[in-house]
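This is run20.pdb (PDB, C-alpha atoms).
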```pdb
ATOM      1  CA  MET A   1       0.000   0.000   0.000  1.00  0.00           C
ATOM      2  CA  LEU A   2       1.256   3.471  -0.837  1.00  0.00           C
ATOM      3  CA  PRO A   3       1.652   6.115   1.879  1.00  0.00           C
ATOM      4  CA  ASP A   4      -1.261   8.496   2.474  1.00  0.00           C
ATOM      5  CA  ASP A   5       0.684  11.757   2.235  1.00  0.00           C
ATOM      6  CA  TRP A   6       1.945  13.174  -1.067  1.00  0.00           C
ATOM      7  CA  GLU A   7       5.630  13.590  -0.137  1.00  0.00           C
ATOM      8  CA  ALA A   8       6.006   9.973   1.006  1.00  0.00           C
ATOM      9  CA  ARG A   9       3.922   8.637  -1.904  1.00  0.00           C
ATOM     10  CA  ARG A  10       5.988  10.579  -4.451  1.00  0.00           C
ATOM     11  CA  GLY A  11       9.204   9.127  -3.007  1.00  0.00           C
ATOM     12  CA  ALA A  12       7.831   5.580  -2.971  1.00  0.00           C
ATOM     13  CA  LEU A  13       6.707   5.781  -6.610  1.00  0.00           C
ATOM     14  CA  GLN A  14       9.952   7.433  -7.771  1.00  0.00           C
ATOM     15  CA  ALA A  15      11.839   4.495  -6.252  1.00  0.00           C
ATOM     16  CA  TRP A  16       9.460   1.812  -7.567  1.00  0.00           C
ATOM     17  CA  PRO A  17      11.748  -0.489  -9.555  1.00  0.00           C
ATOM     18  CA  ARG A  18       9.461  -2.824 -11.546  1.00  0.00           C
ATOM     19  CA  PHE A  19       6.253  -2.226 -13.462  1.00  0.00           C
ATOM     20  CA  GLU A  20       4.641  -2.812 -16.831  1.00  0.00           C
ATOM     21  CA  LEU A  21       1.837  -1.162 -18.691  1.00  0.00           C
ATOM     22  CA  ARG A  22      -0.092  -1.674 -21.880  1.00  0.00           C
ATOM     23  CA  GLY A  23      -1.993   1.120 -23.464  1.00  0.00           C
ATOM     24  CA  ARG A  24      -2.590   3.379 -26.393  1.00  0.00           C
ATOM     25  CA  VAL A  25      -0.929   6.635 -27.307  1.00  0.00           C
ATOM     26  CA  VAL A  26      -2.094   9.446 -29.585  1.00  0.00           C
ATOM     27  CA  VAL A  27       0.386  12.048 -30.810  1.00  0.00           C
ATOM     28  CA  ALA A  28      -0.730  15.281 -32.486  1.00  0.00           C
ATOM     29  CA  LYS A  29       1.364  18.142 -33.813  1.00  0.00           C
ATOM     30  CA  GLY A  30      -0.407  20.745 -35.905  1.00  0.00           C
ATOM     31  CA  ASP A  31      -2.533  18.956 -38.491  1.00  0.00           C
ATOM     32  CA  GLU A  32      -0.493  15.753 -38.279  1.00  0.00           C
ATOM     33  CA  GLY A  33      -0.665  12.899 -35.840  1.00  0.00           C
ATOM     34  CA  PHE A  34      -0.801   9.194 -35.286  1.00  0.00           C
ATOM     35  CA  SER A  35      -1.990   6.620 -32.805  1.00  0.00           C
ATOM     36  CA  ALA A  36      -0.238   3.484 -31.635  1.00  0.00           C
ATOM     37  CA  ASN A  37      -0.303   0.711 -29.093  1.00  0.00           C
ATOM     38  CA  LEU A  38       2.272   1.018 -26.333  1.00  0.00           C
ATOM     39  CA  ARG A  39       3.940  -1.504 -24.048  1.00  0.00           C
ATOM     40  CA  TRP A  40       6.344  -0.349 -21.353  1.00  0.00           C
ATOM     41  CA  ALA A  41       8.372  -2.644 -19.088  1.00  0.00           C
ATOM     42  CA  GLN A  42      10.478  -1.121 -16.315  1.00  0.00           C
ATOM     43  CA  ARG A  43      13.163  -3.252 -14.633  1.00  0.00           C
ATOM     44  CA  GLU A  44      15.176  -1.179 -12.168  1.00  0.00           C
ATOM     45  CA  ALA A  45      16.965   1.455 -14.331  1.00  0.00           C
ATOM     46  CA  ALA A  46      16.298  -0.422 -17.605  1.00  0.00           C
ATOM     47  CA  SER A  47      13.228   0.391 -19.708  1.00  0.00           C
ATOM     48  CA  GLN A  48      11.854  -1.507 -22.686  1.00  0.00           C
ATOM     49  CA  VAL A  49       9.334   0.252 -24.901  1.00  0.00           C
ATOM     50  CA  LYS A  50       7.401  -1.232 -27.791  1.00  0.00           C
ATOM     51  CA  VAL A  51       5.256   0.991 -30.009  1.00  0.00           C
ATOM     52  CA  ASP A  52       3.029  -0.572 -32.687  1.00  0.00           C
ATOM     53  CA  GLY A  53       0.981   1.381 -35.200  1.00  0.00           C
ATOM     54  CA  PRO A  54      -2.515   0.368 -36.298  1.00  0.00           C
ATOM     55  CA  LEU A  55      -2.692  -3.362 -37.071  1.00  0.00           C
ATOM     56  CA  GLY A  56       0.923  -3.745 -35.902  1.00  0.00           C
ATOM     57  CA  VAL A  57       2.296  -1.635 -38.769  1.00  0.00           C
ATOM     58  CA  GLY A  58       5.206   0.728 -38.188  1.00  0.00           C
ATOM     59  CA  GLY A  59       6.318  -0.711 -34.896  1.00  0.00           C
ATOM     60  CA  LEU A  60       9.569  -0.079 -33.135  1.00  0.00           C
ATOM     61  CA  ARG A  61      11.256  -1.215 -29.954  1.00  0.00           C
ATOM     62  CA  LEU A  62      13.546   0.754 -27.721  1.00  0.00           C
ATOM     63  CA  GLU A  63      15.671  -0.261 -24.794  1.00  0.00           C
ATOM     64  CA  PHE A  64      17.307   2.328 -22.636  1.00  0.00           C
ATOM     65  CA  GLU A  65      18.861   2.661 -19.231  1.00  0.00           C
ATOM     66  CA  ARG A  66      18.562   5.893 -17.267  1.00  0.00           C
ATOM     67  CA  GLY A  67      17.469   7.738 -20.402  1.00  0.00           C
ATOM     68  CA  ARG A  68      20.329   6.458 -22.569  1.00  0.00           C
ATOM     69  CA  LEU A  69      19.374   4.268 -25.485  1.00  0.00           C
ATOM     70  CA  ALA A  70      21.586   1.300 -26.124  1.00  0.00           C
ATOM     71  CA  ASP A  71      21.696   2.291 -29.788  1.00  0.00           C
ATOM     72  CA  GLU A  72      21.842   5.988 -30.693  1.00  0.00           C
ATOM     73  CA  LEU A  73      20.762   5.137 -34.266  1.00  0.00           C
ATOM     74  CA  ALA A  74      17.565   3.742 -32.752  1.00  0.00           C
ATOM     75  CA  ARG A  75      17.058   7.035 -30.909  1.00  0.00           C
ATOM     76  CA  ALA A  76      17.574   9.042 -34.106  1.00  0.00           C
ATOM     77  CA  ASP A  77      15.138   6.753 -35.960  1.00  0.00           C
ATOM     78  CA  PHE A  78      12.629   7.005 -33.106  1.00  0.00           C
ATOM     79  CA  GLU A  79      12.797  10.807 -32.999  1.00  0.00           C
ATOM     80  CA  GLN A  80      12.627  11.047 -36.799  1.00  0.00           C
ATOM     81  CA  ARG A  81       9.475   8.899 -36.838  1.00  0.00           C
ATOM     82  CA  LEU A  82       7.949  10.927 -34.017  1.00  0.00           C
ATOM     83  CA  GLY A  83       9.049  14.258 -35.432  1.00  0.00           C
ATOM     84  CA  PHE A  84      10.228  15.512 -32.038  1.00  0.00           C
ATOM     85  CA  SER A  85      12.525  14.698 -29.133  1.00  0.00           C
ATOM     86  CA  LEU A  86      10.856  12.831 -26.291  1.00  0.00           C
ATOM     87  CA  PRO A  87      12.177  13.022 -22.697  1.00  0.00           C
ATOM     88  CA  VAL A  88      12.525   9.249 -22.318  1.00  0.00           C
ATOM     89  CA  ASP A  89      14.339   9.611 -18.998  1.00  0.00           C
ATOM     90  CA  SER A  90      11.352  11.432 -17.473  1.00  0.00           C
ATOM     91  CA  LEU A  91       8.615   9.266 -18.993  1.00  0.00           C
ATOM     92  CA  ARG A  92       9.403   6.433 -16.587  1.00  0.00           C
ATOM     93  CA  TYR A  93       8.284   8.738 -13.747  1.00  0.00           C
ATOM     94  CA  TRP A  94       5.453  10.545 -15.504  1.00  0.00           C
ATOM     95  CA  LEU A  95       3.790   7.212 -16.261  1.00  0.00           C
ATOM     96  CA  LEU A  96       3.565   6.645 -12.498  1.00  0.00           C
ATOM     97  CA  GLY A  97       2.124  10.108 -11.892  1.00  0.00           C
ATOM     98  CA  VAL A  98       5.230  11.619 -10.290  1.00  0.00           C
ATOM     99  CA  PRO A  99       7.904  14.094 -11.428  1.00  0.00           C
ATOM    100  CA  ASP A 100      11.362  12.990 -12.529  1.00  0.00           C
ATOM    101  CA  PRO A 101      13.533  13.597  -9.426  1.00  0.00           C
ATOM    102  CA  ALA A 102      16.458  14.704 -11.639  1.00  0.00           C
ATOM    103  CA  TYR A 103      14.675  17.910 -12.722  1.00  0.00           C
ATOM    104  CA  ASP A 104      12.904  20.790 -11.020  1.00  0.00           C
ATOM    105  CA  SER A 105       9.136  20.680 -11.308  1.00  0.00           C
ATOM    106  CA  LEU A 106       6.013  22.590 -10.456  1.00  0.00           C
ATOM    107  CA  GLU A 107       3.406  20.201  -9.055  1.00  0.00           C
ATOM    108  CA  ARG A 108      -0.309  20.556  -8.407  1.00  0.00           C
ATOM    109  CA  VAL A 109      -1.615  17.917  -6.016  1.00  0.00           C
ATOM    110  CA  ALA A 110      -5.283  16.877  -6.073  1.00  0.00           C
ATOM    111  CA  ASP A 111      -7.544  18.177  -3.330  1.00  0.00           C
ATOM    112  CA  GLY A 112      -8.185  15.431  -0.807  1.00  0.00           C
ATOM    113  CA  TYR A 113      -6.010  12.837  -2.576  1.00  0.00           C
ATOM    114  CA  PRO A 114      -2.247  12.285  -2.362  1.00  0.00           C
ATOM    115  CA  ARG A 115      -1.720  12.308  -6.133  1.00  0.00           C
ATOM    116  CA  LEU A 116      -0.903  14.762  -8.890  1.00  0.00           C
ATOM    117  CA  ASP A 117      -3.437  16.639 -10.946  1.00  0.00           C
ATOM    118  CA  SER A 118      -0.615  18.049 -13.084  1.00  0.00           C
ATOM    119  CA  LEU A 119       3.054  18.930 -13.244  1.00  0.00           C
ATOM    120  CA  GLN A 120       5.339  21.123 -15.306  1.00  0.00           C
ATOM    121  CA  GLN A 121       8.811  19.821 -16.036  1.00  0.00           C
ATOM    122  CA  GLN A 122      11.409  20.333 -18.787  1.00  0.00           C
ATOM    123  CA  GLY A 123       9.027  22.585 -20.720  1.00  0.00           C
ATOM    124  CA  TRP A 124       6.253  19.968 -20.684  1.00  0.00           C
ATOM    125  CA  THR A 125       2.880  20.292 -18.987  1.00  0.00           C
ATOM    126  CA  VAL A 126       1.659  16.869 -17.892  1.00  0.00           C
ATOM    127  CA  VAL A 127      -1.931  16.378 -16.720  1.00  0.00           C
ATOM    128  CA  PHE A 128      -3.328  13.271 -15.005  1.00  0.00           C
ATOM    129  CA  PRO A 129      -7.124  13.423 -15.519  1.00  0.00           C
ATOM    130  CA  ALA A 130      -7.884   9.828 -14.469  1.00  0.00           C
ATOM    131  CA  TYR A 131      -6.439   7.214 -12.132  1.00  0.00           C
ATOM    132  CA  SER A 132      -7.331   3.549 -11.665  1.00  0.00           C
ATOM    133  CA  LYS A 133      -6.598   0.849  -9.116  1.00  0.00           C
ATOM    134  CA  VAL A 134      -3.818  -1.600  -9.947  1.00  0.00           C
ATOM    135  CA  SER A 135      -4.676  -5.178  -9.064  1.00  0.00           C
ATOM    136  CA  GLY A 136      -2.242  -7.132  -6.942  1.00  0.00           C
ATOM    137  CA  VAL A 137      -0.620  -4.141  -5.210  1.00  0.00           C
ATOM    138  CA  ASN A 138      -3.550  -1.926  -4.147  1.00  0.00           C
ATOM    139  CA  TYR A 139      -1.991   1.102  -5.861  1.00  0.00           C
ATOM    140  CA  GLU A 140      -3.828   3.821  -7.738  1.00  0.00           C
ATOM    141  CA  LEU A 141      -1.898   4.902 -10.841  1.00  0.00           C
ATOM    142  CA  PRO A 142      -2.675   7.126 -13.838  1.00  0.00           C
ATOM    143  CA  GLN A 143      -5.103   5.709 -16.361  1.00  0.00           C
ATOM    144  CA  ARG A 144      -4.945   8.791 -18.597  1.00  0.00           C
ATOM    145  CA  ILE A 145      -1.979  11.087 -19.115  1.00  0.00           C
ATOM    146  CA  GLU A 146      -1.896  14.175 -21.333  1.00  0.00           C
ATOM    147  CA  ALA A 147       1.411  15.913 -22.053  1.00  0.00           C
ATOM    148  CA  THR A 148       1.823  19.104 -24.085  1.00  0.00           C
ATOM    149  CA  ARG A 149       4.751  21.192 -25.236  1.00  0.00           C
ATOM    150  CA  GLU A 150       5.055  23.835 -27.959  1.00  0.00           C
ATOM    151  CA  GLY A 151       2.070  22.727 -30.064  1.00  0.00           C
ATOM    152  CA  LEU A 152       2.710  19.033 -29.465  1.00  0.00           C
ATOM    153  CA  ARG A 153       0.157  16.895 -27.660  1.00  0.00           C
ATOM    154  CA  LEU A 154       0.580  13.345 -26.349  1.00  0.00           C
ATOM    155  CA  ARG A 155      -2.312  11.413 -24.853  1.00  0.00           C
ATOM    156  CA  LEU A 156      -1.850   8.045 -23.208  1.00  0.00           C
ATOM    157  CA  LEU A 157      -4.612   5.730 -22.104  1.00  0.00           C
ATOM    158  CA  VAL A 158      -3.426   2.852 -19.919  1.00  0.00           C
ATOM    159  CA  ASP A 159      -5.407  -0.325 -20.555  1.00  0.00           C
ATOM    160  CA  SER A 160      -3.602  -2.423 -17.949  1.00  0.00           C
ATOM    161  CA  TRP A 161      -0.905  -2.147 -15.321  1.00  0.00           C
ATOM    162  CA  GLY A 162       1.341  -4.983 -14.235  1.00  0.00           C
ATOM    163  CA  ALA A 163       2.969  -4.293 -10.927  1.00  0.00           C
ATOM    164  CA  SER A 164       5.433  -5.834  -8.565  1.00  0.00           C
ATOM    165  CA  THR A 165       6.393  -4.569  -5.140  1.00  0.00           C
ATOM    166  CA  ARG A 166       9.687  -6.537  -5.254  1.00  0.00           C
TER     167      ARG A 166
END
```
Show the structure stored in the file as structure tokens.
Amino acid sequence: MLPDDWEARRGALQAWPRFELRGRVVVAKGDEGFSANLRWAQREAASQVKVDGPLGVGGLRLEFERGRLADELARADFEQRLGFSLPVDSLRYWLLGVPDPAYDSLERVADGYPRLDSLQQQGWTVVFPAYSKVSGVNYELPQRIEATREGLRLRLLVDSWGASTR
């Protein structure tokens, strides 16, 4: 069970070493955009991300550790396909509804609940409009995440969380 106060909860989630999620992501920039299926697996400092376009077309996989991709060509290909640079080091934290501890942030905590409504970090505004319970660990984590920066909008809908307290 997560702590009941925001400061302790933020620290516990920032240190949470292992989780997985499956969901969908929509990216929009100007009149262009795309949607894709997303799988994220976090194992300590190592992250594995799989993005598949509609019907599995246009997929790519990324593996990185503490924000550094194992293959910089993969990062260049990823950013070229996206059309922008994504803060992969911070995403690991934003997915859990907490700020990246490596950067300053402005946080707005929900009234009556020890969780974020929104945060601003690295030029991004990240909003958490919906949370859901995670089976097996009695945690409440973001179900919807919306991130915006300079005319770019990312929306993530989490279909399922896989969690481990080990």
inquiry  = I'd like the residues picked by the PyMOL selection byres ((chain A and resi 104) around 7) written out as number ranges by chain, using the chain letters and numbers from the file.
reply    = A: 103, 105, 121
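Atom to atom, CA of Ala102 in chain A and CA of Leu119 in chain A stand 14.1 Å apart.
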note = Nearest to Ser35 in chain A, restricted to only C-alpha atoms and choosing among A:Leu157, A:Ser85, A:Gly162, A:Ala110, comes out as A:Leu157
message = Nearest residue to Gln48 in chain A out of A:Arg10, A:Arg155, A:Arg18, A:Lys29, using all atoms listed in the file?
response = A:Arg18
ask   = So what do you get for CA of Phe128 in chain A versus CA of Ala163 in chain A, distance-wise?
value = 19.1 Å
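For Asn138 in chain A, the set of protein, DNA and RNA residues having any atom at most 9 Å away, when counting only C-alpha atoms and skipping those fewer than 5 positions along the same chain, is Met1, Leu2 and Lys133 of chain A.
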ask   = For this file, the PyMOL selection byres ((chain A and resi 143) around 10) selects which residues, as an MDAnalysis selection string?
value = chainID A and resid 23 95:97 128:134 140:142 144:145 156:161
Could the residues in this selection be written to a file with C-alpha atoms, as a tab-separated table (two decimals), keeping the file's coordinate frame?
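And here's result-v9.tsv as it stands now:
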```tsv
chain	number	residue	atom	x	y	z
A	23	GLY	CA	-1.99	1.12	-23.46
A	95	LEU	CA	3.79	7.21	-16.26
A	96	LEU	CA	3.56	6.64	-12.50
A	97	GLY	CA	2.12	10.11	-11.89
A	128	PHE	CA	-3.33	13.27	-15.00
A	129	PRO	CA	-7.12	13.42	-15.52
A	130	ALA	CA	-7.88	9.83	-14.47
A	131	TYR	CA	-6.44	7.21	-12.13
A	132	SER	CA	-7.33	3.55	-11.66
A	133	LYS	CA	-6.60	0.85	-9.12
A	134	VAL	CA	-3.82	-1.60	-9.95
A	140	GLU	CA	-3.83	3.82	-7.74
A	141	LEU	CA	-1.90	4.90	-10.84
A	142	PRO	CA	-2.68	7.13	-13.84
A	144	ARG	CA	-4.94	8.79	-18.60
A	145	ILE	CA	-1.98	11.09	-19.11
A	156	LEU	CA	-1.85	8.04	-23.21
A	157	LEU	CA	-4.61	5.73	-22.10
A	158	VAL	CA	-3.43	2.85	-19.92
A	159	ASP	CA	-5.41	-0.32	-20.56
A	160	SER	CA	-3.60	-2.42	-17.95
A	161	TRP	CA	-0.90	-2.15	-15.32
```
